[in-house]
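*Asks:* Please find one structure pasted underneath; my questions will follow.
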Amino acid sequence: KAGVTQTPRYLIKTRGQQVTLSCSPISGHRSVSWYQQTPGQGLQFLFEYFSETQRNKGNFPGRFSGRQFSNSRSEMNVSTLELGDSALYLCASSFASGNEQYFGPGTRLTVT
Amino acid sequence: SQQGEEDPQALSIQEGENATMNCSYKTSINNLQWYRQNSGRGLVHLILIRSNEREKHSGRLRVTLDTSKKSSSLLITASRAADTASYFCATDTNAGGTSYGKLTFGQGTILTVHP
């Protein structure tokens, strides 16, 4: 069974731009969670989608948004990029809440 | 905010030795999961232990959970150089019901195994 895939793997953007990251979950998994990892703040939860509905959201500004499609693939978008948005963005899929989460390789975003 | 605190922050051992990492958390949990991360890559799931379990094994890994102390430990036996990585605990918290996909991570333990 294929693992979680994320595209692109690396991205360089300029302040003020927007970016869209993509995540394809493990086949059969309907829950997709997104996390931001930085050296200073560690791993922080962004949001979770299940059956195209956002069920949970972390403490991030409204510039961070996401969506999920009917095939469970998910995208996250960051608008008006700031230098502090430079991070490794990880998505994870799960069969259901309370089960193991399986992570993708991440997208390394650098904002200059 | 971080739910858990991991101890030690860094651990350096020789191949063949055992490595023990500890995790403490603050609120009630549904389960606790341990992950490994190599050099800023994605996280690899190691083991999940539910709140009603006290110990689980997987290969060279042994995880214990003490909900009365709100703590867990990960033991890696007979460590190998390939075990060099950062190890994170993550809690699926139980504040009134389902966590809806949110794991709260500790700061991690950096393990270095010298050949």
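In the structure tokens, the first chain shown is A, the next is B, and so on; residue numbers restart at 1 for each chain, and ligands run from 1 in the order shown.
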Got a sec to pull out which chain A residues are within 12 Å of chain B, counting only C-alpha atoms, and send them as a PyMOL selection string?
*Replies:* chain A and resi 3-6+9-10+29-50+53-60+87-108
*Asks:* What residues in chain A get the DSSP label strand (DSSP E)? Please answer as a CSV table (one decimal) with all heavy atoms, in the first residue's frame.
*Replies:*
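For reference, out02.csv as written:
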```csv
chain,number,residue,atom,x,y,z
A,5,THR,N,1.8,10.8,0.3
A,5,THR,CA,2.6,11.6,-0.5
A,5,THR,C,2.3,13.1,-0.4
A,5,THR,O,1.1,13.5,-0.2
A,5,THR,CB,2.5,11.2,-2.0
A,5,THR,OG1,1.2,11.3,-2.4
A,5,THR,CG2,2.9,9.7,-2.2
A,6,GLN,N,3.4,13.9,-0.5
A,6,GLN,CA,3.2,15.4,-0.5
A,6,GLN,C,4.0,16.0,-1.6
A,6,GLN,O,5.1,15.6,-1.9
A,6,GLN,CB,3.7,15.9,0.9
A,6,GLN,CG,2.9,15.5,2.1
A,6,GLN,CD,3.4,16.2,3.3
A,6,GLN,OE1,3.9,15.6,4.3
A,6,GLN,NE2,3.2,17.6,3.4
A,7,THR,N,3.3,17.0,-2.2
A,7,THR,CA,4.0,17.8,-3.3
A,7,THR,C,3.7,19.2,-3.1
A,7,THR,O,2.7,19.6,-2.6
A,7,THR,CB,3.5,17.3,-4.7
A,7,THR,OG1,2.0,17.5,-4.7
A,7,THR,CG2,3.8,15.9,-5.0
A,10,TYR,N,10.0,20.7,-2.0
A,10,TYR,CA,10.6,21.9,-1.6
A,10,TYR,C,10.0,23.1,-2.3
A,10,TYR,O,9.6,23.0,-3.5
A,10,TYR,CB,12.1,21.9,-1.9
A,10,TYR,CG,12.9,20.7,-1.3
A,10,TYR,CD1,13.0,19.5,-1.9
A,10,TYR,CD2,13.4,20.9,0.0
A,10,TYR,CE1,13.6,18.4,-1.3
A,10,TYR,CE2,14.0,19.8,0.6
A,10,TYR,CZ,14.1,18.6,0.0
A,10,TYR,OH,14.8,17.5,0.6
A,11,LEU,N,10.0,24.2,-1.7
A,11,LEU,CA,9.4,25.4,-2.2
A,11,LEU,C,10.0,26.7,-1.7
A,11,LEU,O,10.3,26.8,-0.5
A,11,LEU,CB,7.9,25.4,-1.8
A,11,LEU,CG,6.8,26.1,-2.7
A,11,LEU,CD1,6.9,25.7,-4.1
A,11,LEU,CD2,5.5,25.6,-2.2
A,12,ILE,N,10.3,27.6,-2.6
A,12,ILE,CA,10.9,28.9,-2.1
A,12,ILE,C,10.0,30.0,-2.6
A,12,ILE,O,9.6,30.0,-3.8
A,12,ILE,CB,12.3,29.1,-2.7
A,12,ILE,CG1,13.3,28.0,-2.2
A,12,ILE,CG2,12.8,30.5,-2.3
A,12,ILE,CD1,14.7,28.1,-2.8
A,13,LYS,N,9.5,30.8,-1.7
A,13,LYS,CA,8.5,31.9,-2.1
A,13,LYS,C,9.0,33.2,-1.4
A,13,LYS,O,9.9,33.2,-0.5
A,13,LYS,CB,7.1,31.5,-1.5
A,13,LYS,CG,6.4,30.4,-2.2
A,13,LYS,CD,6.0,30.8,-3.6
A,13,LYS,CE,5.1,29.8,-4.2
A,13,LYS,NZ,4.6,30.2,-5.6
A,19,VAL,N,0.9,30.3,-1.3
A,19,VAL,CA,1.4,29.0,-1.6
A,19,VAL,C,0.3,27.9,-1.4
A,19,VAL,O,-0.5,28.1,-0.4
A,19,VAL,CB,2.7,28.6,-0.9
A,19,VAL,CG1,2.4,28.5,0.6
A,19,VAL,CG2,3.3,27.4,-1.4
A,20,THR,N,0.3,26.9,-2.2
A,20,THR,CA,-0.6,25.8,-2.0
A,20,THR,C,0.2,24.5,-2.0
A,20,THR,O,1.0,24.2,-2.8
A,20,THR,CB,-1.7,25.7,-3.2
A,20,THR,OG1,-2.4,26.9,-3.2
A,20,THR,CG2,-2.6,24.5,-3.0
A,21,LEU,N,0.0,23.7,-0.9
A,21,LEU,CA,0.6,22.4,-0.7
A,21,LEU,C,-0.4,21.3,-0.9
A,21,LEU,O,-1.5,21.5,-0.4
A,21,LEU,CB,1.3,22.4,0.7
A,21,LEU,CG,2.1,23.6,1.1
A,21,LEU,CD1,2.7,23.3,2.5
A,21,LEU,CD2,3.2,23.9,0.1
A,22,SER,N,0.1,20.2,-1.4
A,22,SER,CA,-0.9,19.1,-1.6
A,22,SER,C,-0.5,17.8,-0.9
A,22,SER,O,0.7,17.6,-0.6
A,22,SER,CB,-0.9,18.8,-3.1
A,22,SER,OG,-1.8,17.7,-3.4
A,23,CYS,N,-1.5,17.0,-0.5
A,23,CYS,CA,-1.3,15.8,0.3
A,23,CYS,C,-2.2,14.7,-0.2
A,23,CYS,O,-3.4,15.0,-0.3
A,23,CYS,CB,-1.5,16.1,1.8
A,23,CYS,SG,-1.5,14.6,2.8
A,24,SER,N,-1.7,13.6,-0.5
A,24,SER,CA,-2.5,12.4,-0.9
A,24,SER,C,-2.4,11.4,0.2
A,24,SER,O,-1.3,10.9,0.4
A,24,SER,CB,-2.0,11.8,-2.2
A,24,SER,OG,-2.3,12.7,-3.3
A,31,SER,N,-9.2,10.7,7.0
A,31,SER,CA,-8.8,11.8,7.9
A,31,SER,C,-7.4,12.2,7.5
A,31,SER,O,-6.5,11.4,7.3
A,31,SER,CB,-8.8,11.3,9.3
A,31,SER,OG,-8.2,12.3,10.2
A,32,VAL,N,-7.3,13.5,7.2
A,32,VAL,CA,-6.0,14.2,6.9
A,32,VAL,C,-5.8,15.3,7.9
A,32,VAL,O,-6.6,16.2,8.0
A,32,VAL,CB,-6.0,14.7,5.5
A,32,VAL,CG1,-4.7,15.4,5.2
A,32,VAL,CG2,-6.1,13.5,4.5
A,33,SER,N,-4.6,15.2,8.5
A,33,SER,CA,-4.2,16.3,9.5
A,33,SER,C,-3.0,17.0,8.9
A,33,SER,O,-2.1,16.4,8.3
A,33,SER,CB,-3.9,15.8,10.9
A,33,SER,OG,-5.1,15.2,11.4
A,34,TRP,N,-2.8,18.3,9.2
A,34,TRP,CA,-1.7,19.0,8.8
A,34,TRP,C,-1.0,19.6,10.0
A,34,TRP,O,-1.6,20.0,11.0
A,34,TRP,CB,-2.1,20.2,7.9
A,34,TRP,CG,-2.6,19.8,6.5
A,34,TRP,CD1,-3.8,19.5,6.1
A,34,TRP,CD2,-1.8,19.8,5.3
A,34,TRP,NE1,-3.9,19.2,4.8
A,34,TRP,CE2,-2.6,19.4,4.3
A,34,TRP,CE3,-0.4,20.0,5.1
A,34,TRP,CZ2,-2.1,19.2,3.0
A,34,TRP,CZ3,0.0,19.9,3.8
A,34,TRP,CH2,-0.8,19.5,2.7
A,35,TYR,N,0.4,19.6,9.9
A,35,TYR,CA,1.2,20.1,11.0
A,35,TYR,C,2.3,21.0,10.4
A,35,TYR,O,2.8,20.8,9.3
A,35,TYR,CB,1.9,19.0,11.8
A,35,TYR,CG,0.9,18.0,12.4
A,35,TYR,CD1,0.3,17.0,11.8
A,35,TYR,CD2,0.6,18.2,13.8
A,35,TYR,CE1,-0.6,16.1,12.4
A,35,TYR,CE2,-0.3,17.4,14.4
A,35,TYR,CZ,-0.9,16.3,13.7
A,35,TYR,OH,-1.8,15.5,14.4
A,36,GLN,N,2.7,22.0,11.3
A,36,GLN,CA,3.9,22.8,10.9
A,36,GLN,C,5.0,22.5,11.9
A,36,GLN,O,4.7,22.4,13.1
A,36,GLN,CB,3.5,24.3,11.1
A,36,GLN,CG,4.6,25.2,10.8
A,36,GLN,CD,4.3,26.7,11.3
A,36,GLN,OE1,4.3,26.9,12.5
A,36,GLN,NE2,4.2,27.6,10.4
A,37,GLN,N,6.2,22.3,11.4
A,37,GLN,CA,7.3,22.0,12.2
A,37,GLN,C,8.4,23.1,12.0
A,37,GLN,O,8.9,23.3,10.9
A,37,GLN,CB,7.9,20.6,12.0
A,37,GLN,CG,9.0,20.3,12.9
A,37,GLN,CD,9.6,18.9,12.7
A,37,GLN,OE1,9.6,18.4,11.6
A,37,GLN,NE2,10.1,18.3,13.8
A,38,THR,N,8.7,23.8,13.1
A,38,THR,CA,9.8,24.8,13.1
A,38,THR,C,10.8,24.5,14.3
A,38,THR,O,10.3,23.9,15.3
A,38,THR,CB,9.3,26.2,13.3
A,38,THR,OG1,8.6,26.3,14.5
A,38,THR,CG2,8.3,26.6,12.1
A,42,GLY,N,8.5,23.7,17.4
A,42,GLY,CA,8.3,22.3,17.3
A,42,GLY,C,7.2,21.9,16.3
A,42,GLY,O,6.9,22.6,15.4
A,43,LEU,N,6.5,20.8,16.6
A,43,LEU,CA,5.4,20.3,15.7
A,43,LEU,C,4.1,20.9,16.3
A,43,LEU,O,3.7,20.6,17.4
A,43,LEU,CB,5.4,18.8,15.8
A,43,LEU,CG,6.4,18.1,14.8
A,43,LEU,CD1,6.8,16.8,15.4
A,43,LEU,CD2,5.7,17.9,13.5
A,44,GLN,N,3.4,21.6,15.4
A,44,GLN,CA,2.1,22.2,15.8
A,44,GLN,C,1.0,21.8,14.9
A,44,GLN,O,1.2,21.9,13.6
A,44,GLN,CB,2.3,23.7,16.0
A,44,GLN,CG,3.2,24.1,17.1
A,44,GLN,CD,3.1,25.6,17.4
A,44,GLN,OE1,3.3,26.4,16.6
A,44,GLN,NE2,2.7,25.9,18.6
A,45,PHE,N,-0.1,21.5,15.4
A,45,PHE,CA,-1.3,21.1,14.6
A,45,PHE,C,-1.9,22.3,13.9
A,45,PHE,O,-2.2,23.3,14.6
A,45,PHE,CB,-2.3,20.4,15.6
A,45,PHE,CG,-3.6,20.1,15.0
A,45,PHE,CD1,-3.8,19.0,14.2
A,45,PHE,CD2,-4.7,20.9,15.2
A,45,PHE,CE1,-5.0,18.7,13.6
A,45,PHE,CE2,-6.0,20.6,14.7
A,45,PHE,CZ,-6.1,19.5,13.9
A,46,LEU,N,-2.2,22.1,12.6
A,46,LEU,CA,-2.8,23.2,11.9
A,46,LEU,C,-4.3,23.0,11.8
A,46,LEU,O,-5.1,23.8,12.2
A,46,LEU,CB,-2.2,23.3,10.5
A,46,LEU,CG,-0.9,24.0,10.4
A,46,LEU,CD1,-0.1,23.6,9.1
A,46,LEU,CD2,-1.1,25.5,10.4
A,47,PHE,N,-4.7,21.9,11.2
A,47,PHE,CA,-6.1,21.5,11.0
A,47,PHE,C,-6.3,20.1,10.6
A,47,PHE,O,-5.3,19.4,10.2
A,47,PHE,CB,-6.9,22.4,10.1
A,47,PHE,CG,-6.1,23.0,9.0
A,47,PHE,CD1,-5.6,22.2,8.0
A,47,PHE,CD2,-5.9,24.4,8.9
A,47,PHE,CE1,-4.8,22.8,6.9
A,47,PHE,CE2,-5.2,25.0,7.9
A,47,PHE,CZ,-4.6,24.2,6.9
A,48,GLU,N,-7.5,19.6,10.7
A,48,GLU,CA,-7.9,18.2,10.3
A,48,GLU,C,-9.1,18.2,9.4
A,48,GLU,O,-10.1,19.0,9.7
A,48,GLU,CB,-8.1,17.3,11.5
A,48,GLU,CG,-8.2,15.8,11.1
A,48,GLU,CD,-9.7,15.3,11.2
A,48,GLU,OE1,-10.6,16.2,11.4
A,48,GLU,OE2,-9.9,14.1,11.1
A,49,TYR,N,-9.1,17.4,8.4
A,49,TYR,CA,-10.2,17.2,7.5
A,49,TYR,C,-10.7,15.8,7.5
A,49,TYR,O,-9.8,14.9,7.5
A,49,TYR,CB,-9.9,17.7,6.1
A,49,TYR,CG,-9.8,19.2,6.0
A,49,TYR,CD1,-8.6,19.9,6.2
A,49,TYR,CD2,-11.0,19.9,5.6
A,49,TYR,CE1,-8.6,21.2,6.2
A,49,TYR,CE2,-10.9,21.3,5.5
A,49,TYR,CZ,-9.7,22.0,5.8
A,49,TYR,OH,-9.6,23.3,5.7
A,50,PHE,N,-12.0,15.6,7.4
A,50,PHE,CA,-12.6,14.3,7.3
A,50,PHE,C,-13.8,14.4,6.4
A,50,PHE,O,-14.7,15.2,6.7
A,50,PHE,CB,-12.9,13.7,8.7
A,50,PHE,CG,-13.4,12.3,8.7
A,50,PHE,CD1,-12.6,11.3,8.8
A,50,PHE,CD2,-14.8,12.1,8.6
A,50,PHE,CE1,-13.0,9.9,8.8
A,50,PHE,CE2,-15.3,10.7,8.6
A,50,PHE,CZ,-14.4,9.7,8.7
A,53,THR,N,-14.8,17.8,5.3
A,53,THR,CA,-15.2,18.8,6.4
A,53,THR,C,-14.0,19.0,7.3
A,53,THR,O,-13.4,18.1,7.8
A,53,THR,CB,-16.4,18.3,7.1
A,53,THR,OG1,-17.5,18.1,6.2
A,53,THR,CG2,-16.8,19.2,8.2
A,54,GLN,N,-13.8,20.3,7.6
A,54,GLN,CA,-12.8,20.6,8.6
A,54,GLN,C,-13.4,20.4,10.0
A,54,GLN,O,-14.4,21.0,10.4
A,54,GLN,CB,-12.3,22.1,8.5
A,54,GLN,CG,-11.2,22.4,9.5
A,54,GLN,CD,-10.8,23.9,9.4
A,54,GLN,OE1,-11.3,24.7,10.2
A,54,GLN,NE2,-9.9,24.2,8.5
A,55,ARG,N,-12.8,19.5,10.8
A,55,ARG,CA,-13.4,19.1,12.1
A,55,ARG,C,-12.6,19.7,13.2
A,55,ARG,O,-13.1,19.8,14.3
A,55,ARG,CB,-13.4,17.6,12.2
A,55,ARG,CG,-14.2,16.9,11.3
A,55,ARG,CD,-14.5,15.4,11.7
A,55,ARG,NE,-13.2,14.7,11.9
A,55,ARG,CZ,-13.1,13.4,12.2
A,55,ARG,NH1,-14.3,12.7,12.5
A,55,ARG,NH2,-12.0,12.8,12.3
A,56,ASN,N,-11.4,20.1,13.0
A,56,ASN,CA,-10.6,20.7,14.0
A,56,ASN,C,-9.6,21.7,13.5
A,56,ASN,O,-9.1,21.5,12.3
A,56,ASN,CB,-9.8,19.5,14.8
A,56,ASN,CG,-9.5,19.9,16.2
A,56,ASN,OD1,-9.6,21.0,16.6
A,56,ASN,ND2,-9.0,18.9,16.9
A,57,LYS,N,-9.2,22.7,14.2
A,57,LYS,CA,-8.3,23.7,13.8
A,57,LYS,C,-7.4,24.1,14.9
A,57,LYS,O,-7.9,24.3,16.1
A,57,LYS,CB,-9.1,24.9,13.3
A,57,LYS,CG,-8.3,25.9,12.6
A,57,LYS,CD,-9.2,27.1,12.1
A,57,LYS,CE,-8.4,28.0,11.1
A,57,LYS,NZ,-7.2,28.5,11.6
A,64,PHE,N,-3.9,30.7,7.0
A,64,PHE,CA,-3.7,29.3,6.8
A,64,PHE,C,-5.1,28.7,6.6
A,64,PHE,O,-6.0,28.8,7.5
A,64,PHE,CB,-3.0,28.7,8.0
A,64,PHE,CG,-1.6,29.1,8.2
A,64,PHE,CD1,-1.3,30.3,8.8
A,64,PHE,CD2,-0.6,28.3,7.8
A,64,PHE,CE1,0.1,30.7,9.0
A,64,PHE,CE2,0.8,28.6,7.9
A,64,PHE,CZ,1.1,29.8,8.5
A,65,SER,N,-5.3,28.0,5.5
A,65,SER,CA,-6.5,27.4,5.2
A,65,SER,C,-6.3,26.1,4.5
A,65,SER,O,-5.2,25.8,4.1
A,65,SER,CB,-7.4,28.3,4.4
A,65,SER,OG,-6.8,28.6,3.1
A,66,GLY,N,-7.3,25.3,4.4
A,66,GLY,CA,-7.2,24.1,3.7
A,66,GLY,C,-8.5,23.6,3.1
A,66,GLY,O,-9.6,24.2,3.3
A,67,ARG,N,-8.4,22.5,2.5
A,67,ARG,CA,-9.6,21.8,2.0
A,67,ARG,C,-9.3,20.4,1.7
A,67,ARG,O,-8.2,20.0,1.6
A,67,ARG,CB,-10.2,22.5,0.7
A,67,ARG,CG,-9.2,22.6,-0.5
A,67,ARG,CD,-9.9,23.2,-1.6
A,67,ARG,NE,-9.0,23.4,-2.8
A,67,ARG,CZ,-9.4,23.7,-4.0
A,67,ARG,NH1,-10.7,23.9,-4.2
A,67,ARG,NH2,-8.6,23.9,-5.0
A,68,GLN,N,-10.4,19.6,1.6
A,68,GLN,CA,-10.3,18.2,1.2
A,68,GLN,C,-11.2,17.9,0.1
A,68,GLN,O,-12.4,18.4,0.1
A,68,GLN,CB,-10.5,17.3,2.5
A,68,GLN,CG,-10.2,15.9,2.2
A,68,GLN,CD,-10.5,15.0,3.4
A,68,GLN,OE1,-11.5,15.3,4.2
A,68,GLN,NE2,-9.7,14.0,3.7
A,74,SER,N,-5.9,16.3,0.1
A,74,SER,CA,-6.1,17.6,0.8
A,74,SER,C,-5.1,18.6,0.3
A,74,SER,O,-4.0,18.2,-0.2
A,74,SER,CB,-6.0,17.3,2.3
A,74,SER,OG,-6.1,18.6,3.0
A,75,GLU,N,-5.4,19.8,0.4
A,75,GLU,CA,-4.5,20.9,0.1
A,75,GLU,C,-4.6,21.9,1.3
A,75,GLU,O,-5.6,22.0,1.9
A,75,GLU,CB,-5.0,21.7,-1.2
A,75,GLU,CG,-4.8,20.9,-2.5
A,75,GLU,CD,-5.2,21.7,-3.7
A,75,GLU,OE1,-5.9,22.8,-3.5
A,75,GLU,OE2,-4.8,21.3,-4.8
A,76,MET,N,-3.4,22.5,1.5
A,76,MET,CA,-3.4,23.6,2.4
A,76,MET,C,-2.9,24.9,1.7
A,76,MET,O,-2.0,24.7,0.8
A,76,MET,CB,-2.7,23.4,3.7
A,76,MET,CG,-1.2,23.2,3.6
A,76,MET,SD,-0.4,23.4,5.2
A,76,MET,CE,-0.4,25.2,5.4
A,77,ASN,N,-3.4,26.0,2.0
A,77,ASN,CA,-3.0,27.2,1.4
A,77,ASN,C,-2.5,28.2,2.5
A,77,ASN,O,-3.1,28.3,3.5
A,77,ASN,CB,-4.2,27.8,0.6
A,77,ASN,CG,-3.8,29.1,-0.1
A,77,ASN,OD1,-3.2,29.0,-1.2
A,77,ASN,ND2,-4.2,30.2,0.4
A,78,VAL,N,-1.5,28.9,2.2
A,78,VAL,CA,-1.0,30.0,3.0
A,78,VAL,C,-1.0,31.3,2.2
A,78,VAL,O,-0.3,31.3,1.2
A,78,VAL,CB,0.4,29.7,3.7
A,78,VAL,CG1,0.7,30.8,4.7
A,78,VAL,CG2,0.4,28.4,4.3
A,87,ALA,N,9.1,26.7,7.2
A,87,ALA,CA,8.9,25.6,8.0
A,87,ALA,C,8.8,24.3,7.2
A,87,ALA,O,8.7,24.4,6.0
A,87,ALA,CB,7.6,25.7,8.9
A,88,LEU,N,8.8,23.2,7.9
A,88,LEU,CA,8.5,21.9,7.3
A,88,LEU,C,7.0,21.7,7.5
A,88,LEU,O,6.5,21.7,8.7
A,88,LEU,CB,9.3,20.8,7.9
A,88,LEU,CG,9.1,19.4,7.3
A,88,LEU,CD1,9.5,19.3,5.8
A,88,LEU,CD2,9.8,18.3,8.1
A,89,TYR,N,6.2,21.5,6.5
A,89,TYR,CA,4.8,21.3,6.6
A,89,TYR,C,4.5,19.8,6.3
A,89,TYR,O,4.9,19.3,5.3
A,89,TYR,CB,4.0,22.1,5.6
A,89,TYR,CG,4.0,23.6,6.1
A,89,TYR,CD1,5.0,24.4,5.6
A,89,TYR,CD2,3.1,24.1,6.9
A,89,TYR,CE1,5.1,25.8,6.1
A,89,TYR,CE2,3.1,25.4,7.4
A,89,TYR,CZ,4.1,26.2,6.9
A,89,TYR,OH,4.2,27.5,7.4
A,90,LEU,N,3.9,19.2,7.3
A,90,LEU,CA,3.7,17.7,7.3
A,90,LEU,C,2.2,17.4,7.2
A,90,LEU,O,1.4,18.1,8.0
A,90,LEU,CB,4.3,17.1,8.5
A,90,LEU,CG,5.8,17.1,8.6
A,90,LEU,CD1,6.3,16.9,10.1
A,90,LEU,CD2,6.5,16.1,7.7
A,91,CYS,N,1.8,16.5,6.4
A,91,CYS,CA,0.5,16.0,6.5
A,91,CYS,C,0.5,14.6,7.0
A,91,CYS,O,1.5,13.8,6.8
A,91,CYS,CB,-0.3,16.2,5.2
A,91,CYS,SG,-0.1,14.9,4.0
A,92,ALA,N,-0.6,14.1,7.6
A,92,ALA,CA,-0.7,12.8,8.1
A,92,ALA,C,-2.1,12.3,7.8
A,92,ALA,O,-3.1,13.0,7.9
A,92,ALA,CB,-0.5,12.8,9.6
A,93,SER,N,-2.2,11.0,7.5
A,93,SER,CA,-3.5,10.4,7.3
A,93,SER,C,-3.8,9.3,8.3
A,93,SER,O,-2.9,8.7,8.8
A,93,SER,CB,-3.7,9.9,5.8
A,93,SER,OG,-3.0,8.7,5.6
A,94,SER,N,-5.1,9.1,8.5
A,94,SER,CA,-5.5,8.1,9.5
A,94,SER,C,-6.8,7.6,9.0
A,94,SER,O,-7.6,8.2,8.3
A,94,SER,CB,-5.7,8.8,10.8
A,94,SER,OG,-6.2,7.9,11.8
A,102,TYR,N,-0.2,8.4,9.9
A,102,TYR,CA,0.9,8.1,9.1
A,102,TYR,C,1.3,9.4,8.3
A,102,TYR,O,0.5,9.9,7.6
A,102,TYR,CB,0.6,7.0,8.1
A,102,TYR,CG,0.4,5.7,8.9
A,102,TYR,CD1,-0.9,5.3,9.2
A,102,TYR,CD2,1.5,4.9,9.3
A,102,TYR,CE1,-1.1,4.1,10.0
A,102,TYR,CE2,1.3,3.7,10.0
A,102,TYR,CZ,0.0,3.3,10.4
A,102,TYR,OH,-0.2,2.2,11.1
A,103,PHE,N,2.6,9.8,8.4
A,103,PHE,CA,3.0,11.0,7.9
A,103,PHE,C,3.6,10.9,6.5
A,103,PHE,O,4.3,9.9,6.2
A,103,PHE,CB,4.0,11.7,8.9
A,103,PHE,CG,3.4,12.3,10.1
A,103,PHE,CD1,2.9,11.5,11.1
A,103,PHE,CD2,3.2,13.7,10.1
A,103,PHE,CE1,2.3,12.1,12.2
A,103,PHE,CE2,2.7,14.3,11.3
A,103,PHE,CZ,2.2,13.5,12.3
A,107,THR,N,6.7,19.0,3.1
A,107,THR,CA,7.1,20.1,2.1
A,107,THR,C,7.9,21.1,2.9
A,107,THR,O,7.4,21.7,3.9
A,107,THR,CB,5.9,20.8,1.5
A,107,THR,OG1,5.1,19.8,0.7
A,107,THR,CG2,6.3,21.9,0.6
A,108,ARG,N,9.1,21.3,2.4
A,108,ARG,CA,10.0,22.3,3.1
A,108,ARG,C,9.7,23.7,2.4
A,108,ARG,O,10.1,23.9,1.2
A,108,ARG,CB,11.4,21.9,3.0
A,108,ARG,CG,12.5,23.0,3.4
A,108,ARG,CD,12.7,23.0,4.9
A,108,ARG,NE,13.1,21.8,5.5
A,108,ARG,CZ,13.1,21.6,6.8
A,108,ARG,NH1,12.8,22.5,7.6
A,108,ARG,NH2,13.5,20.4,7.2
A,109,LEU,N,9.1,24.6,3.1
A,109,LEU,CA,8.8,25.9,2.6
A,109,LEU,C,9.8,27.0,3.1
A,109,LEU,O,10.0,27.1,4.3
A,109,LEU,CB,7.4,26.4,3.0
A,109,LEU,CG,7.0,27.8,2.6
A,109,LEU,CD1,7.0,28.0,1.1
A,109,LEU,CD2,5.6,28.1,3.2
A,110,THR,N,10.4,27.7,2.2
A,110,THR,CA,11.3,28.8,2.6
A,110,THR,C,10.7,30.1,2.1
A,110,THR,O,10.5,30.2,0.9
A,110,THR,CB,12.7,28.6,2.0
A,110,THR,OG1,13.2,27.3,2.5
A,110,THR,CG2,13.6,29.7,2.5
A,111,VAL,N,10.6,31.0,3.0
A,111,VAL,CA,10.0,32.3,2.6
A,111,VAL,C,11.2,33.4,2.7
A,111,VAL,O,11.8,33.5,3.7
A,111,VAL,CB,8.9,32.8,3.5
A,111,VAL,CG1,8.3,34.1,3.0
A,111,VAL,CG2,7.8,31.7,3.4
```
*Asks:* Just want the 9 Å neighbourhood of Glu82 (chain A), counted on only C-alpha atoms, with same-chain residues fewer than 2 positions away dropped. Output as number ranges by chain.
*Replies:* A: 14-17, 79-80, 84-86, 111-112
*Asks:* Leaving out Ser24 (chain B) and any residue of its chain fewer than 6 positions from it, which residues lie within 10 Å of it when counting only C-alpha atoms, given as a list in words?
*Replies:*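 Once the adjacent positions are removed, what remains is Gln3, Gly4, Glu5, Glu6, Asp7, Leu65, Asp66, Thr67, Lys69, Lys70, Ser71, Ser72, Ser73, Cys89, Thr91 and Gly106 of chain B.
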*Asks:* One decimal, Å: what's the distance from CA of Ala19 (chain B) over to CA of Leu74 (chain B), could you say?
*Replies:* 8.0 Å
*Asks:* Applying 10 Å and only C-alpha atoms, which residues near Asn38 (chain B) remain after dropping the ones on its own chain fewer than 4 positions away? List them as an mmCIF file with N, CA and C atoms, in the first residue's frame.
*Replies:*
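Listed below is the output, out.cif:
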```
data_model
loop_
_atom_site.group_PDB
_atom_site.id
_atom_site.type_symbol
_atom_site.label_atom_id
_atom_site.label_comp_id
_atom_site.auth_asym_id
_atom_site.auth_seq_id
_atom_site.Cartn_x
_atom_site.Cartn_y
_atom_site.Cartn_z
ATOM 1 N N GLY B 42 10.012 13.256 7.093
ATOM 2 C CA GLY B 42 8.715 12.928 7.676
ATOM 3 C C GLY B 42 8.848 12.048 8.901
ATOM 4 N N LEU B 43 7.783 11.978 9.668
ATOM 5 C CA LEU B 43 7.774 11.175 10.882
ATOM 6 C C LEU B 43 7.378 9.737 10.563
ATOM 7 N N VAL B 44 8.068 8.815 11.193
ATOM 8 C CA VAL B 44 7.754 7.400 11.034
ATOM 9 C C VAL B 44 7.050 6.923 12.300
ATOM 10 N N ALA B 82 21.755 2.898 12.975
ATOM 11 C CA ALA B 82 20.586 3.306 12.181
ATOM 12 C C ALA B 82 19.440 3.845 13.041
ATOM 13 N N ASP B 83 19.512 3.647 14.358
ATOM 14 C CA ASP B 83 18.479 4.194 15.248
ATOM 15 C C ASP B 83 18.700 5.679 15.527
ATOM 16 N N THR B 84 19.825 6.217 15.081
ATOM 17 C CA THR B 84 20.107 7.646 15.272
ATOM 18 C C THR B 84 19.019 8.472 14.610
ATOM 19 N N ALA B 85 18.331 9.279 15.415
ATOM 20 C CA ALA B 85 17.185 10.054 14.932
ATOM 21 C C ALA B 85 16.632 10.884 16.090
ATOM 22 N N SER B 86 15.622 11.667 15.792
ATOM 23 C CA SER B 86 14.848 12.343 16.846
ATOM 24 C C SER B 86 13.609 11.514 17.120
ATOM 25 N N TYR B 87 13.260 11.393 18.373
ATOM 26 C CA TYR B 87 12.107 10.601 18.774
ATOM 27 C C TYR B 87 11.097 11.519 19.477
ATOM 28 N N ILE B 110 16.776 13.770 20.951
ATOM 29 C CA ILE B 110 17.726 13.475 19.870
ATOM 30 C C ILE B 110 18.614 12.331 20.342
#
```
*Asks:* List the neighbours of Gly59 (chain B) out to 12 Å using only C-alpha atoms; skip same-chain residues closer than 6 positions along the sequence, and give me the result as a ChimeraX atom specification.
*Replies:* /B:46-47,75-79
*Asks:* Mind giving me the straight-line distance from CA of Lys56 (chain B) to CA of Thr20 (chain B) in Å, one decimal?
*Replies:*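 That distance, rounded to one decimal, is 14.5 Å.
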*Asks:* Figure out the distance between CA of Thr64 (chain B) and CA of Ala10 (chain B), please, to one decimal in Å.
*Replies:*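 The value is 19.9 Å.
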